[in-house]
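Chemist: My structure is below; once you've seen it, I'll send some questions.
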Amino acid sequence: MSQNKPDVLTTGGGHPVGDKLNLQTAGPRGPLLVQDVVFTDEMAHFDRERIPERVVHAKGAGAFGFFEVTHDITRYCKAKVFEHVGKTTPIAVRFSTVAGESGSADTVRDPRGFAVKFYTEDGNWDLTGNNTPIFFIRDAMLFPSFIHSQKRNPQTHMKDPDMVWDFWSLRPESLHQVSFLFSDRGLPDGHRHMNGYGSHTFKLVNADGERVYCKFHYKTDQGIKNLTVEEADRLAATNPDYGIADLFNAIANGNYPSWTFYIQVMTFEQAEKFRFNPFDLTKVWSHKEYPLIPVGKLVLNRNPVNYFAEVEQLAFDPSNMPPGIEPSPDKMLQGRLFSYPDTHRHRLGANYLQIPVNCPFRARVANYQRDGPMCMYDNQGGAPNYYPNSFSAPETQPQFMESKFQVSADVARYNSSDEDNVTQVRTFYTQVLNEEERQRLCQNMAGSLKGAQLFIQKRMVRPSTTVSHLAVAHSLCFLEYEVSGNMLCLLINVIHIQYVICLFLHGEMKRMCVLFLVFLEEPAILQDCNVCLACLAGREFEGCPSRLWKQS
């Protein structure tokens, strides 16, 4: 805060104030007077200070900086933000948790929002990303229910593991993101040490009208750094604003965080023949098949001057795409194109794009939108407010038409819940994580799942046709129990649906087997596998992995 000569204190109307400490009353002990406009002006504004918090991503930190192009990608995209190497574009970035309220802790296990606003000459481009390349669902119809399941119980107003795990266990496509969430990267060390992803598939168009599909990645130059469960819990209790403080202090000290910006590119022909839906938000594109192409740098070098004005009112909208960047058929992206600007109009008002931090200040806004609450500028003067007209008002420019694409399909509601929900989970577990990371993933998931009711635990563990191999094919189904003073963590690890492995086993094998069968209540045959869990109680046959356990 400034230590310069103070301004004259005024009311909201600009009138100088003589006394800000004492009410105007009829005598020292008498009632206050209605004419005390200094008090009523202050109090009336105070009563209206709060605006609705974001329904998701309520807790967040923000900063400002620039994007600089380091590699030419004009062969793919005509957007001015990528116009030439060396070009810089002002940006605003907001980091956030997803499920928590505005006052919640920064260090909870939760995906992190990582949204970037590029202030380009062709209007703002909002890349509303996360710190994960995937998401829990692939169909926007499920989004309200998913968010409700992560929020508070409508009766108790408490966080409810039943709600969380009930939804996840009923939607097998969530398994990939759940695995990422309970890995080490579910607890990033602040906002500077995590990657960001546009997550969705987008469409890029070049100056010749040629189109490709694209995914955006921004990798931290500070290096990946995560918190342990113990560190995260301690910080949640002692410094719940840890993420905000870490970012603010780094920038204030001149330690400007940066990220290297990449794209992945897939041609339309490749997408047509691809082995899975390339627009599926629960899956990633292989980096071997579709390597990362470097584009530029994101650098944050300015803290907000006022949090409310520049961060709380900062509004990101995935439908803000300049010429050269377009949406793909990604169902989640399509749903967000409506939902995000709609919630901003509810939270900030119809003219939220006139708020300075949201204003496309590098482009001239000229349209036929008028009036509405909190119109902040000249309302486009006396220009016509209808179109077409004969008075030299703004005209359309055909060169900015969206690219054409063909659609030939039946209109219907298509169920996508059974689209291979396990292959990439298996790859993540067996090829991305090392052995120690796998063990921590198991422990983290067990610690959360044990808070849910038994029937929900069973659904996560037991093979079931209704969840399309969710339990068996997921390499990570387990529970924690206390056995004779020792912690028992059961891990069913069905890599390639061939065998069962038990980790973290302490105590007698027979006791473990019996407890496991009691938990399941009945023997369960692993689908696509010759191993029956009943054999763990002593009815062994050739190939039973329990023999390997006993030998070890």
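For the structure tokens, the naming scheme is as follows: chains receive sequential letters (A, B, ...) according to their order of presentation, residues are indexed from 1 within each chain, and ligands are indexed from 1 in presentation order.
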Please identify the strand (DSSP E or B) residues within region 238-413 of chain A (assignment by DSSP from backbone atoms) and present them as a list in words.
Modeler: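 The strand (DSSP E or B) residues within region 238-413 of chain A come out as Ser258, Trp259, Thr260, Phe261, Tyr262, Ile263, Gln264, Val265, Met266, Thr267, Ile293, Pro294, Val295, Gly296, Lys297, Leu298, Val299, Leu300, Asn301, Arg302, Ile325, Glu326 and Pro327 of chain A.
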Chemist: Save out the residues we just selected, N, CA and C atoms, as an mmCIF file, in the first residue's frame.
Modeler:
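Heads up, here's the output in part.cif:
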```cif
data_model
loop_
_atom_site.group_PDB
_atom_site.id
_atom_site.type_symbol
_atom_site.label_atom_id
_atom_site.label_comp_id
_atom_site.auth_asym_id
_atom_site.auth_seq_id
_atom_site.Cartn_x
_atom_site.Cartn_y
_atom_site.Cartn_z
ATOM 1 N N SER A 258 7.159 -19.227 -15.440
ATOM 2 C CA SER A 258 6.909 -19.329 -16.881
ATOM 3 C C SER A 258 6.559 -20.764 -17.243
ATOM 4 N N TRP A 259 5.922 -20.898 -18.380
ATOM 5 C CA TRP A 259 5.535 -22.199 -18.914
ATOM 6 C C TRP A 259 5.855 -22.216 -20.404
ATOM 7 N N THR A 260 6.307 -23.358 -20.902
ATOM 8 C CA THR A 260 6.533 -23.522 -22.337
ATOM 9 C C THR A 260 5.257 -24.061 -22.972
ATOM 10 N N PHE A 261 4.839 -23.407 -24.026
ATOM 11 C CA PHE A 261 3.547 -23.665 -24.665
ATOM 12 C C PHE A 261 3.757 -24.571 -25.877
ATOM 13 N N TYR A 262 2.955 -25.644 -25.951
ATOM 14 C CA TYR A 262 3.058 -26.625 -27.038
ATOM 15 C C TYR A 262 1.678 -26.893 -27.634
ATOM 16 N N ILE A 263 1.692 -27.469 -28.827
ATOM 17 C CA ILE A 263 0.473 -28.019 -29.404
ATOM 18 C C ILE A 263 0.737 -29.451 -29.861
ATOM 19 N N GLN A 264 -0.328 -30.245 -29.893
ATOM 20 C CA GLN A 264 -0.350 -31.517 -30.617
ATOM 21 C C GLN A 264 -1.289 -31.336 -31.798
ATOM 22 N N VAL A 265 -0.956 -31.930 -32.912
ATOM 23 C CA VAL A 265 -1.742 -31.748 -34.131
ATOM 24 C C VAL A 265 -2.151 -33.103 -34.691
ATOM 25 N N MET A 266 -3.419 -33.206 -35.094
ATOM 26 C CA MET A 266 -3.955 -34.403 -35.739
ATOM 27 C C MET A 266 -4.740 -33.957 -36.969
ATOM 28 N N THR A 267 -4.470 -34.562 -38.112
ATOM 29 C CA THR A 267 -5.202 -34.205 -39.318
ATOM 30 C C THR A 267 -6.624 -34.754 -39.257
ATOM 31 N N ILE A 293 4.634 -30.003 -30.227
ATOM 32 C CA ILE A 293 5.265 -29.023 -31.108
ATOM 33 C C ILE A 293 5.422 -27.726 -30.321
ATOM 34 N N PRO A 294 6.651 -27.242 -30.095
ATOM 35 C CA PRO A 294 6.824 -26.018 -29.301
ATOM 36 C C PRO A 294 6.265 -24.801 -30.026
ATOM 37 N N VAL A 295 5.685 -23.890 -29.244
ATOM 38 C CA VAL A 295 5.066 -22.692 -29.806
ATOM 39 C C VAL A 295 5.621 -21.427 -29.167
ATOM 40 N N GLY A 296 5.652 -21.372 -27.823
ATOM 41 C CA GLY A 296 6.060 -20.130 -27.184
ATOM 42 C C GLY A 296 6.197 -20.256 -25.684
ATOM 43 N N LYS A 297 6.192 -19.096 -25.020
ATOM 44 C CA LYS A 297 6.364 -19.018 -23.573
ATOM 45 C C LYS A 297 5.245 -18.184 -22.957
ATOM 46 N N LEU A 298 4.730 -18.674 -21.834
ATOM 47 C CA LEU A 298 3.848 -17.896 -20.978
ATOM 48 C C LEU A 298 4.680 -17.403 -19.797
ATOM 49 N N VAL A 299 4.674 -16.110 -19.540
ATOM 50 C CA VAL A 299 5.445 -15.536 -18.435
ATOM 51 C C VAL A 299 4.523 -14.651 -17.602
ATOM 52 N N LEU A 300 4.550 -14.823 -16.286
ATOM 53 C CA LEU A 300 3.754 -13.999 -15.372
ATOM 54 C C LEU A 300 4.683 -13.060 -14.620
ATOM 55 N N ASN A 301 4.474 -11.746 -14.790
ATOM 56 C CA ASN A 301 5.392 -10.771 -14.192
ATOM 57 C C ASN A 301 4.696 -9.633 -13.457
ATOM 58 N N ARG A 302 3.369 -9.738 -13.271
ATOM 59 C CA ARG A 302 2.666 -8.685 -12.525
ATOM 60 C C ARG A 302 1.591 -9.290 -11.642
ATOM 61 N N ILE A 325 -8.940 -20.245 -34.601
ATOM 62 C CA ILE A 325 -9.146 -21.235 -33.538
ATOM 63 C C ILE A 325 -10.643 -21.475 -33.417
ATOM 64 N N GLU A 326 -11.051 -22.736 -33.503
ATOM 65 C CA GLU A 326 -12.474 -23.073 -33.504
ATOM 66 C C GLU A 326 -12.727 -24.293 -32.625
ATOM 67 N N PRO A 327 -13.974 -24.505 -32.220
ATOM 68 C CA PRO A 327 -14.284 -25.683 -31.404
ATOM 69 C C PRO A 327 -14.312 -26.955 -32.240
#
```
Chemist: If we count only C-alpha atoms, what is near Leu187 (chain A) at a cut-off of 7 Å, once residues fewer than 2 positions away on the same chain are taken out, given as a ChimeraX atom specification?
Modeler: /A:107-109,184-185,189,226-227
Chemist: Show me, as a PyMOL selection string, the residues that have an atom within 12 Å of Ala271 (chain A) when counting only C-alpha atoms, minus same-chain residues fewer than 2 positions from it.
Modeler: chain A and resi 201+203+211-214+265-269+273-280+285+290+328-329
Chemist: Just to be explicit: take each residue in the selection above, keep N, CA and C atoms, and write the result as an mmCIF file, in the first residue's frame.
Modeler:
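Result file selection_26.cif:
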```cif
data_model
loop_
_atom_site.group_PDB
_atom_site.id
_atom_site.type_symbol
_atom_site.label_atom_id
_atom_site.label_comp_id
_atom_site.auth_asym_id
_atom_site.auth_seq_id
_atom_site.Cartn_x
_atom_site.Cartn_y
_atom_site.Cartn_z
ATOM 1 N N THR A 201 -10.107 -30.931 -27.302
ATOM 2 C CA THR A 201 -9.609 -30.891 -28.674
ATOM 3 C C THR A 201 -10.197 -29.662 -29.358
ATOM 4 N N LYS A 203 -9.902 -26.946 -33.019
ATOM 5 C CA LYS A 203 -9.643 -26.947 -34.452
ATOM 6 C C LYS A 203 -8.809 -25.709 -34.788
ATOM 7 N N ARG A 211 -7.411 -27.144 -42.289
ATOM 8 C CA ARG A 211 -7.790 -27.357 -40.893
ATOM 9 C C ARG A 211 -7.095 -28.587 -40.314
ATOM 10 N N VAL A 212 -6.781 -28.492 -39.042
ATOM 11 C CA VAL A 212 -6.289 -29.644 -38.281
ATOM 12 C C VAL A 212 -6.924 -29.582 -36.899
ATOM 13 N N TYR A 213 -6.916 -30.722 -36.220
ATOM 14 C CA TYR A 213 -7.326 -30.746 -34.819
ATOM 15 C C TYR A 213 -6.095 -30.541 -33.946
ATOM 16 N N CYS A 214 -6.325 -30.035 -32.743
ATOM 17 C CA CYS A 214 -5.207 -29.601 -31.913
ATOM 18 C C CYS A 214 -5.519 -29.769 -30.436
ATOM 19 N N VAL A 265 -0.956 -31.930 -32.912
ATOM 20 C CA VAL A 265 -1.742 -31.748 -34.131
ATOM 21 C C VAL A 265 -2.151 -33.103 -34.691
ATOM 22 N N MET A 266 -3.419 -33.206 -35.094
ATOM 23 C CA MET A 266 -3.955 -34.403 -35.739
ATOM 24 C C MET A 266 -4.740 -33.957 -36.969
ATOM 25 N N THR A 267 -4.470 -34.562 -38.112
ATOM 26 C CA THR A 267 -5.202 -34.205 -39.318
ATOM 27 C C THR A 267 -6.624 -34.754 -39.257
ATOM 28 N N PHE A 268 -7.482 -34.217 -40.109
ATOM 29 C CA PHE A 268 -8.855 -34.720 -40.177
ATOM 30 C C PHE A 268 -8.867 -36.180 -40.613
ATOM 31 N N GLU A 269 -7.965 -36.530 -41.530
ATOM 32 C CA GLU A 269 -7.906 -37.913 -41.997
ATOM 33 C C GLU A 269 -7.485 -38.850 -40.870
ATOM 34 N N LYS A 273 -9.849 -41.993 -38.891
ATOM 35 C CA LYS A 273 -9.440 -43.398 -38.781
ATOM 36 C C LYS A 273 -8.928 -43.752 -37.389
ATOM 37 N N PHE A 274 -9.011 -42.826 -36.454
ATOM 38 C CA PHE A 274 -8.387 -43.046 -35.150
ATOM 39 C C PHE A 274 -9.083 -44.161 -34.393
ATOM 40 N N ARG A 275 -8.315 -44.861 -33.554
ATOM 41 C CA ARG A 275 -8.827 -46.061 -32.877
ATOM 42 C C ARG A 275 -9.835 -45.747 -31.779
ATOM 43 N N PHE A 276 -9.865 -44.510 -31.305
ATOM 44 C CA PHE A 276 -10.916 -44.095 -30.375
ATOM 45 C C PHE A 276 -11.359 -42.691 -30.749
ATOM 46 N N ASN A 277 -12.395 -42.225 -30.117
ATOM 47 C CA ASN A 277 -12.922 -40.897 -30.399
ATOM 48 C C ASN A 277 -11.879 -39.846 -30.007
ATOM 49 N N PRO A 278 -11.300 -39.125 -30.962
ATOM 50 C CA PRO A 278 -10.243 -38.162 -30.619
ATOM 51 C C PRO A 278 -10.755 -36.948 -29.863
ATOM 52 N N PHE A 279 -12.077 -36.824 -29.760
ATOM 53 C CA PHE A 279 -12.667 -35.697 -29.039
ATOM 54 C C PHE A 279 -13.099 -36.085 -27.620
ATOM 55 N N ASP A 280 -12.713 -37.264 -27.192
ATOM 56 C CA ASP A 280 -13.078 -37.791 -25.878
ATOM 57 C C ASP A 280 -12.197 -37.137 -24.815
ATOM 58 N N TRP A 285 -3.986 -37.995 -26.289
ATOM 59 C CA TRP A 285 -3.347 -38.412 -27.532
ATOM 60 C C TRP A 285 -1.906 -38.822 -27.215
ATOM 61 N N TYR A 290 1.674 -38.350 -31.788
ATOM 62 C CA TYR A 290 1.374 -36.935 -32.039
ATOM 63 C C TYR A 290 2.264 -36.101 -31.118
ATOM 64 N N SER A 328 -14.047 -28.061 -31.588
ATOM 65 C CA SER A 328 -14.194 -29.383 -32.195
ATOM 66 C C SER A 328 -15.524 -29.971 -31.739
ATOM 67 N N PRO A 329 -15.866 -31.193 -32.167
ATOM 68 C CA PRO A 329 -17.107 -31.824 -31.689
ATOM 69 C C PRO A 329 -17.032 -32.347 -30.254
#
```
Chemist: Please provide as a compact mmCIF listing (two decimals) with N, CA and C atoms, in the first residue's frame all residues within 10 Å of Gly18 (chain A), with the sequence filter that same-chain residues fewer than 5 positions apart are discarded (counting only C-alpha atoms).
Modeler:
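part.txt was written with the following content:
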```
# COMPACT_ATOMS: atom_id res chain seq x y z
N VAL A 8 -8.10 13.11 -0.39
CA VAL A 8 -9.22 13.56 0.44
C VAL A 8 -10.26 12.45 0.48
N LEU A 9 -10.70 12.07 1.69
CA LEU A 9 -11.73 11.04 1.84
C LEU A 9 -13.07 11.57 1.35
N THR A 10 -13.77 10.77 0.53
CA THR A 10 -15.05 11.20 -0.02
C THR A 10 -16.09 10.10 0.14
N VAL A 38 -23.18 10.09 5.23
CA VAL A 38 -21.86 9.45 5.27
C VAL A 38 -22.01 8.00 5.74
```
Chemist: Smallest atom-to-atom distance to Phe202 (chain A): which of A:Glu173, A:Phe118, A:Ile355, A:Asp330, using only C-alpha atoms?
Modeler: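 Smallest distance to Phe202 (chain A) is found for A:Asp330.
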Chemist: From the DSSP assignment of the backbone, select every residue of region 145-220 of chain A that is alpha helix (DSSP H), and format the answer as a list in words.
Modeler: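 Residues of region 145-220 of chain A classed as alpha helix (DSSP H): Ser145, Phe146, Ile147, His148, Ser149, Gln150, Pro161, Asp162, Met163, Val164, Trp165, Asp166, Phe167, Trp168, Ser169, Leu170, Leu175, His176, Gln177, Val178, Ser179, Phe180 and Leu181 of chain A.
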Chemist: Name the residues in contact with Pro356 (chain A) at a cut-off of 10 Å, using only C-alpha atoms, excluding same-chain residues fewer than 4 positions from it; report them as a PyMOL selection string.
Modeler: chain A and resi 309-310+313-314+352+360-361+376
Chemist: Would you save the residues of that selection, restricted to C-alpha atoms, as a PDB file, in the first residue's frame?
Modeler:
```
ATOM      1  CA  ALA A 309     -11.256  -6.026  -9.601  1.00  0.00           C
ATOM      2  CA  GLU A 310      -8.701  -8.149 -11.425  1.00  0.00           C
ATOM      3  CA  GLN A 313     -14.191 -10.397 -11.676  1.00  0.00           C
ATOM      4  CA  LEU A 314     -11.913 -12.138 -14.174  1.00  0.00           C
ATOM      5  CA  TYR A 352     -19.399  -8.395 -17.850  1.00  0.00           C
ATOM      6  CA  PRO A 360     -10.986  -6.998 -25.294  1.00  0.00           C
ATOM      7  CA  PHE A 361      -8.989  -3.761 -25.125  1.00  0.00           C
ATOM      8  CA  MET A 376     -19.789   1.189 -18.374  1.00  0.00           C
TER       9      MET A 376
END
```
Chemist: Which residues of region 123-188 of chain A have any atom within 9 Å of an atom in region 424-436 of chain A when counting only C-alpha atoms, and what is the closest pair of atoms for each, with the distance in Å to one decimal? Order the rows by chain and rising number and write it as a tab-separated table.
Modeler:
```
residue	atom	partner	partner_atom	distance
A:Leu175	CA	A:Val425	CA	7.0
A:His176	CA	A:Val425	CA	5.1
A:Gln177	CA	A:Val425	CA	8.6
A:Ser179	CA	A:Val425	CA	7.3
A:Phe180	CA	A:Phe428	CA	8.3
A:Ser183	CA	A:Leu433	CA	8.5
```
Chemist: For a quick check of understanding, using only C-alpha atoms, which of A:Met445, A:Ala92, A:Met332, A:Val461 has the smallest distance to Ser199 (chain A)?
Modeler: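 Closest residue, counting only C-alpha atoms: A:Met332.
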Chemist: Fewer than 3 positions away in the same chain doesn't count, so skip those; otherwise give me all residues within 12 Å of Phe248 (chain A), counting only C-alpha atoms, as JSON, numbers by chain.
Modeler: {"A": [60, 61, 62, 63, 64, 95, 190, 191, 192, 241, 242, 243, 244, 245, 251, 252, 253, 254, 255, 256, 257, 300, 301, 302, 303, 304, 305, 307]}
Chemist: Taking C-alpha atoms for each residue, export the selection above as a PDB file, in the first residue's frame.
Modeler:
```
ATOM      1  CA  GLY A  60      -8.216 -18.955  -6.972  1.00  0.00           C
ATOM      2  CA  ALA A  61      -5.120 -16.856  -7.554  1.00  0.00           C
ATOM      3  CA  GLY A  62      -4.404 -14.599 -10.496  1.00  0.00           C
ATOM      4  CA  ALA A  63      -1.507 -12.864 -12.206  1.00  0.00           C
ATOM      5  CA  PHE A  64      -0.659 -11.053 -15.428  1.00  0.00           C
ATOM      6  CA  PHE A  95      -5.258 -20.758 -11.024  1.00  0.00           C
ATOM      7  CA  GLY A 190       1.462 -24.328  -5.325  1.00  0.00           C
ATOM      8  CA  HIS A 191       0.564 -23.126  -8.792  1.00  0.00           C
ATOM      9  CA  ARG A 192       4.039 -22.533 -10.223  1.00  0.00           C
ATOM     10  CA  ASP A 241      -3.790 -19.645   1.173  1.00  0.00           C
ATOM     11  CA  TYR A 242      -0.442 -21.294   0.442  1.00  0.00           C
ATOM     12  CA  GLY A 243      -0.934 -21.348  -3.331  1.00  0.00           C
ATOM     13  CA  ILE A 244      -1.944 -17.695  -3.542  1.00  0.00           C
ATOM     14  CA  ALA A 245       0.944 -16.619  -1.309  1.00  0.00           C
ATOM     15  CA  ILE A 251       6.291 -12.441  -8.657  1.00  0.00           C
ATOM     16  CA  ALA A 252       6.791  -9.676  -6.070  1.00  0.00           C
ATOM     17  CA  ASN A 253      10.397 -10.854  -5.636  1.00  0.00           C
ATOM     18  CA  GLY A 254      11.069 -10.870  -9.383  1.00  0.00           C
ATOM     19  CA  ASN A 255      11.009 -14.659  -9.657  1.00  0.00           C
ATOM     20  CA  TYR A 256       8.644 -14.694 -12.620  1.00  0.00           C
ATOM     21  CA  PRO A 257       7.116 -18.121 -13.297  1.00  0.00           C
ATOM     22  CA  LEU A 300       3.754 -13.999 -15.372  1.00  0.00           C
ATOM     23  CA  ASN A 301       5.392 -10.771 -14.192  1.00  0.00           C
ATOM     24  CA  ARG A 302       2.666  -8.685 -12.525  1.00  0.00           C
ATOM     25  CA  ASN A 303       0.516  -9.270  -9.474  1.00  0.00           C
ATOM     26  CA  PRO A 304      -3.050  -7.949  -9.342  1.00  0.00           C
ATOM     27  CA  VAL A 305      -3.378  -4.401  -8.031  1.00  0.00           C
ATOM     28  CA  TYR A 307      -7.907  -8.874  -6.105  1.00  0.00           C
TER      29      TYR A 307
END
```
